[in-house]
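Colleague: If you scroll down you'll find the structure; I have some questions about it.
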Amino acid sequence: MKSCLLLDMGGVVLRVGSTEGLPESRIDWRGRQAMLAMLAKAGARLTLEDLDGLLFGPWRLDHARRHDLVRDARWEPHLDRLCTAAGVDLDRWELLDAWFRPYGDRLVPEFGVHEALEQLRSMGKRLAVVSNVPLPGQFYERILEHHDLRRHFDALFFSYDLGTRKPSPAMLRTALAHFDSTADQALMVGDRRAADIAAGRAAGVESVWIRSPFDNGPEPDHEIGSLAELPALLESIETG
C-alpha cells in the first residue's frame, strides 16, 4: 500500500513557465524595475547595470554550479552586497520578492491538479511537495496558498531551505522520516528523470514520471501524462 506520495512541484503541481523556474525576458525586466523602485524609495539610486553587477551576475555564477554542488545558490551574500553598496537596510526577502512576484503571480496549477489532489486525499494518501527550487520555500508556499493547493499537503520540502537538491535522495529521506514511512510505502512523482526519478531510485522509492521533454535519466517504474492520471495508476498498483 502506497500511503505517502512525494510530489515534485514544477511541471507536476504548478506550471512554472520556464526551464529553470525563474523570471525571464520581459517578466525579469519588470521584476528588476520593481526592485529598483523599492531601493529608490529607501533612498538608493541604482541602475539595472548595478543590479546585474552586485546581485544577479554573481548569483548566476553560483547558480551555474548547483548541479555539481547538489545544492542551490544562496541569495543572502549577494543581497547583503547589494544593500551595503546601496547604503540601505531593507528586508532581504522583501527585496527579492519585488523581483520574483511578477513571475510568481503568473504561475498556475497544472491541468487537473485540484481534482487529482482532492481524490488522492479522499483515498487516504499523505502528500508532500519535494521540490528543487532556486529561492526560499516561502515564495512558493504563498503561490500554493493563492491557488488553494497548500491545504492538500501535509508538508513542504524545498531544496533551498534544506540545502540539498535532487538527485540526492536526502530530501526524500527527510520526507519519509517526517511521515514515519518506509521507502516501500512511498511513491515519488516528478517530471524530470535526471532529478526526480534518479532521487527516487537512490532513496529506494518507487517512481512515477510525468512525461515531459526532460527525459534523460533513469527509467521510471511508471509513466503518466499528468497528475490527473495518478489516482487511477495508484488503484492499479494497489489492486494489481
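Lettering and numbering for the C-alpha cells are positional, with chains as A, B, ... in the shown order, residues counted from 1 in each chain, and ligands counted from 1 in the shown order.
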Write out as a count of residues only each polymer residue whose atoms come within 9 Å of stretch 149-157 of chain A, counting only C-alpha atoms; drop sequence neighbours fewer than 6 positions from it.

Modeller: 24

Colleague: Using only C-alpha atoms, determine which residues lie at most 7 Å from stretch 90-105 of chain A, disregarding the query and same-chain residues fewer than 2 positions distant; provide the list as a tab-separated table (two decimals) with C-alpha atoms, in the first residue's frame.

Modeller:
chain	number	residue	atom	x	y	z
A	23	PRO	CA	11.77	35.08	-14.38
A	27	ILE	CA	8.97	39.47	-16.67
A	30	ARG	CA	9.59	44.09	-14.73
A	31	GLY	CA	10.85	42.47	-11.55
A	32	ARG	CA	14.13	44.34	-11.69
A	34	ALA	CA	10.19	46.81	-9.08
A	35	MET	CA	13.36	46.11	-7.13
A	79	LEU	CA	21.56	40.64	-1.30
A	88	VAL	CA	20.11	50.80	2.75
A	107	LEU	CA	2.22	30.63	-12.14
A	143	ILE	CA	1.70	30.60	-4.55

Colleague: Can you pull out the residues contacting A:Ser168? Cut-off 10 Å, using only C-alpha atoms, and skip same-chain residues under 3 positions away; I want them as a PyMOL selection string.

Modeller: chain A and resi 70-71+164-165+171-173+195-196+198-203

Colleague: Identify, on the basis of only C-alpha atoms, every residue whose closest approach to stretch 44-49 of chain A does not exceed 9 Å; exclude the query and any residue fewer than 3 positions from it along the same chain; express the result as a CSV table (one decimal) with N, CA and C atoms, in the first residue's frame.

Modeller:
chain,number,residue,atom,x,y,z
A,29,TRP,N,12.6,41.8,-16.5
A,29,TRP,CA,12.8,43.2,-16.5
A,29,TRP,C,11.8,43.9,-15.6
A,32,ARG,N,13.0,43.5,-12.0
A,32,ARG,CA,14.1,44.3,-11.7
A,32,ARG,C,13.7,45.8,-11.5
A,33,GLN,N,12.8,46.2,-12.3
A,33,GLN,CA,12.3,47.6,-12.2
A,33,GLN,C,11.6,47.8,-10.8
A,36,LEU,N,14.3,48.1,-8.2
A,36,LEU,CA,14.9,49.4,-8.2
A,36,LEU,C,14.0,50.4,-7.6
A,38,MET,N,11.9,49.9,-5.2
A,38,MET,CA,11.9,49.7,-3.7
A,38,MET,C,13.2,50.3,-3.1
A,39,LEU,N,14.3,50.1,-3.9
A,39,LEU,CA,15.6,50.7,-3.4
A,39,LEU,C,15.5,52.2,-3.5
A,40,ALA,N,14.9,52.7,-4.5
A,40,ALA,CA,14.8,54.2,-4.6
A,40,ALA,C,14.0,54.8,-3.5
A,41,LYS,N,12.9,54.1,-3.1
A,41,LYS,CA,12.1,54.6,-2.0
A,41,LYS,C,12.8,54.6,-0.7
A,52,ASP,N,22.7,44.1,-11.9
A,52,ASP,CA,23.4,42.9,-12.5
A,52,ASP,C,24.8,42.7,-11.9
A,53,GLY,N,25.5,43.8,-11.7
A,53,GLY,CA,26.9,43.6,-11.2
A,53,GLY,C,26.9,43.2,-9.7
A,54,LEU,N,26.0,43.7,-8.9
A,54,LEU,CA,26.0,43.5,-7.5
A,54,LEU,C,25.3,42.2,-7.1
A,83,CYS,N,22.7,45.6,-0.7
A,83,CYS,CA,22.2,46.6,0.3
A,83,CYS,C,23.3,47.4,0.8
A,86,ALA,N,24.2,50.0,-1.7
A,86,ALA,CA,23.2,51.0,-1.9
A,86,ALA,C,23.0,51.8,-0.6
A,87,GLY,N,23.6,51.4,0.5
A,87,GLY,CA,23.5,52.2,1.7
A,87,GLY,C,22.1,52.1,2.3
A,88,VAL,N,21.5,51.0,2.2
A,88,VAL,CA,20.1,50.8,2.7
A,88,VAL,C,20.1,49.5,3.6

Colleague: Do a neighbour search on A:Lys2 at 9 Å with only C-alpha atoms, toss out local chain neighbours closer than 2 positions, and write the hits as a list in words.

Modeller: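 Close residues of A:Lys2: Cys4, Leu5, Lys125, Asp184, Gln185, Ala186, Leu187, Leu234, Ile237 and Glu238 of chain A.
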
Colleague: Which of these residues is nearest to A:Gly11, using only C-alpha atoms: A:Ser159, A:Phe111, A:Leu135, A:His147?

Modeller: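 Among A:Ser159, A:Phe111, A:Leu135, A:His147, it is A:Phe111 that comes nearest to A:Gly11.
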
Colleague: Which residues in stretch 8-213 of chain A does DSSP call alpha helix (DSSP H)? List them as a ChimeraX atom specification.

Modeller: /A:25-41,48-51,57-63,66-69,76-86,92-104,113-122,137-146,159-162,170-179,198-203

Colleague: Please dump the current selection as a compact mmCIF listing (two decimals), in the first residue's frame; keep C-alpha atoms.

Modeller:
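Result file is result13.txt:
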# COMPACT_ATOMS: atom_id res chain seq x y z
CA SER A 25 12.77 38.34 -20.59
CA ARG A 26 10.05 40.95 -20.02
CA ILE A 27 8.97 39.47 -16.67
CA ASP A 28 12.56 39.57 -15.42
CA TRP A 29 12.82 43.21 -16.52
CA ARG A 30 9.59 44.09 -14.73
CA GLY A 31 10.85 42.47 -11.55
CA ARG A 32 14.13 44.34 -11.69
CA GLN A 33 12.27 47.61 -12.16
CA ALA A 34 10.19 46.81 -9.08
CA MET A 35 13.36 46.11 -7.13
CA LEU A 36 14.90 49.42 -8.25
CA ALA A 37 11.73 51.23 -7.20
CA MET A 38 11.91 49.66 -3.73
CA LEU A 39 15.56 50.66 -3.42
CA ALA A 40 14.81 54.19 -4.64
CA LYS A 41 12.06 54.56 -2.03
CA LEU A 48 19.84 47.99 -13.94
CA GLU A 49 23.56 47.60 -14.54
CA ASP A 50 24.19 47.97 -10.80
CA LEU A 51 21.68 45.22 -10.06
CA GLY A 57 25.56 38.38 -12.09
CA PRO A 58 27.35 36.96 -9.02
CA TRP A 59 24.31 34.86 -8.08
CA ARG A 60 24.14 33.39 -11.60
CA LEU A 61 27.76 32.25 -11.30
CA ASP A 62 26.86 30.36 -8.14
CA HIS A 63 23.63 29.08 -9.69
CA ARG A 66 24.21 23.92 -8.43
CA HIS A 67 24.31 20.53 -10.16
CA ASP A 68 27.91 19.89 -9.15
CA LEU A 69 27.35 21.06 -5.57
CA GLU A 76 21.90 36.08 1.10
CA PRO A 77 25.51 37.18 0.41
CA HIS A 78 24.53 38.85 -2.85
CA LEU A 79 21.56 40.64 -1.30
CA ASP A 80 23.85 41.81 1.51
CA ARG A 81 26.33 43.12 -1.05
CA LEU A 82 23.59 44.99 -2.89
CA CYS A 83 22.18 46.61 0.26
CA THR A 84 25.63 47.57 1.52
CA ALA A 85 26.54 49.21 -1.80
CA ALA A 86 23.17 50.98 -1.87
CA ARG A 92 16.34 40.98 2.08
CA TRP A 93 13.44 38.65 1.26
CA GLU A 94 11.04 41.52 0.61
CA LEU A 95 13.59 42.96 -1.79
CA LEU A 96 13.98 39.63 -3.59
CA ASP A 97 10.22 39.24 -3.66
CA ALA A 98 9.88 42.55 -5.51
CA TRP A 99 11.80 40.89 -8.35
CA PHE A 100 10.14 37.47 -8.14
CA ARG A 101 6.50 38.48 -7.67
CA PRO A 102 5.68 39.47 -11.30
CA TYR A 103 6.77 35.97 -12.29
CA GLY A 104 5.29 34.15 -9.31
CA VAL A 113 -4.36 19.20 -10.24
CA HIS A 114 -7.17 20.34 -7.93
CA GLU A 115 -9.32 17.31 -8.73
CA ALA A 116 -6.39 14.89 -8.52
CA LEU A 117 -5.28 16.15 -5.11
CA GLU A 118 -8.84 16.00 -3.79
CA GLN A 119 -9.13 12.42 -5.00
CA LEU A 120 -5.77 11.39 -3.56
CA ARG A 121 -6.71 12.82 -0.19
CA SER A 122 -10.04 11.00 -0.29
CA GLY A 137 10.28 27.94 0.06
CA GLN A 138 8.15 30.76 1.47
CA PHE A 139 7.84 32.22 -2.05
CA TYR A 140 6.32 29.01 -3.39
CA GLU A 141 4.17 28.27 -0.36
CA ARG A 142 2.47 31.63 -0.96
CA ILE A 143 1.70 30.60 -4.55
CA LEU A 144 0.26 27.27 -3.40
CA GLU A 145 -1.87 29.13 -0.84
CA HIS A 146 -3.08 31.56 -3.50
CA SER A 159 15.78 22.31 -1.76
CA TYR A 160 16.73 25.91 -0.96
CA ASP A 161 15.62 25.52 2.66
CA LEU A 162 17.13 22.07 3.18
CA ALA A 170 18.29 13.48 1.11
CA MET A 171 15.03 15.42 0.65
CA LEU A 172 13.07 12.24 0.04
CA ARG A 173 14.54 10.64 3.15
CA THR A 174 13.65 13.75 5.15
CA ALA A 175 10.07 13.48 3.90
CA LEU A 176 9.90 9.78 4.74
CA ALA A 177 11.16 10.49 8.25
CA HIS A 178 8.54 13.23 8.64
CA PHE A 179 5.80 10.73 7.78
CA ALA A 198 17.06 9.43 -10.02
CA ALA A 199 16.33 10.65 -6.48
CA GLY A 200 13.56 8.10 -6.11
CA ARG A 201 15.84 5.31 -7.23
CA ALA A 202 18.62 6.46 -4.86
CA ALA A 203 16.15 6.51 -1.95

Colleague: With a distance cut-off of 8 Å and only C-alpha atoms, select the neighbouring residues of A:Ile210, excluding the residue or stretch itself and same-chain residues fewer than 3 positions from it, and output the selection as a PyMOL selection string.

Modeller: chain A and resi 12+189-192+223-227

Colleague: Just write the chosen residues, N, CA and C atoms, as an mmCIF file, in the first residue's frame.

Modeller:
data_model
loop_
_atom_site.group_PDB
_atom_site.id
_atom_site.type_symbol
_atom_site.label_atom_id
_atom_site.label_comp_id
_atom_site.auth_asym_id
_atom_site.auth_seq_id
_atom_site.Cartn_x
_atom_site.Cartn_y
_atom_site.Cartn_z
ATOM 1 N N VAL A 12 4.460 19.446 -12.284
ATOM 2 C CA VAL A 12 3.600 18.418 -11.697
ATOM 3 C C VAL A 12 2.379 19.073 -11.053
ATOM 4 N N VAL A 189 6.811 11.252 -7.488
ATOM 5 C CA VAL A 189 6.188 11.655 -8.745
ATOM 6 C C VAL A 189 6.862 12.937 -9.242
ATOM 7 N N GLY A 190 7.425 12.888 -10.451
ATOM 8 C CA GLY A 190 8.098 14.070 -10.976
ATOM 9 C C GLY A 190 8.177 14.061 -12.489
ATOM 10 N N ASP A 191 8.578 15.199 -13.041
ATOM 11 C CA ASP A 191 8.637 15.328 -14.499
ATOM 12 C C ASP A 191 10.055 15.310 -15.040
ATOM 13 N N ARG A 192 11.066 15.234 -14.170
ATOM 14 C CA ARG A 192 12.464 15.265 -14.621
ATOM 15 C C ARG A 192 13.152 13.966 -14.203
ATOM 16 N N GLU A 223 4.800 5.540 -15.891
ATOM 17 C CA GLU A 223 4.682 6.790 -16.640
ATOM 18 C C GLU A 223 3.215 7.186 -16.731
ATOM 19 N N ILE A 224 2.954 8.495 -16.606
ATOM 20 C CA ILE A 224 1.622 9.041 -16.821
ATOM 21 C C ILE A 224 1.746 10.368 -17.558
ATOM 22 N N GLY A 225 0.615 10.866 -18.070
ATOM 23 C CA GLY A 225 0.651 12.111 -18.812
ATOM 24 C C GLY A 225 0.506 13.343 -17.960
ATOM 25 N N SER A 226 -0.147 13.220 -16.805
ATOM 26 C CA SER A 226 -0.337 14.346 -15.893
ATOM 27 C C SER A 226 -0.742 13.813 -14.535
ATOM 28 N N LEU A 227 -0.764 14.698 -13.537
ATOM 29 C CA LEU A 227 -1.155 14.275 -12.192
ATOM 30 C C LEU A 227 -2.588 13.768 -12.164
#
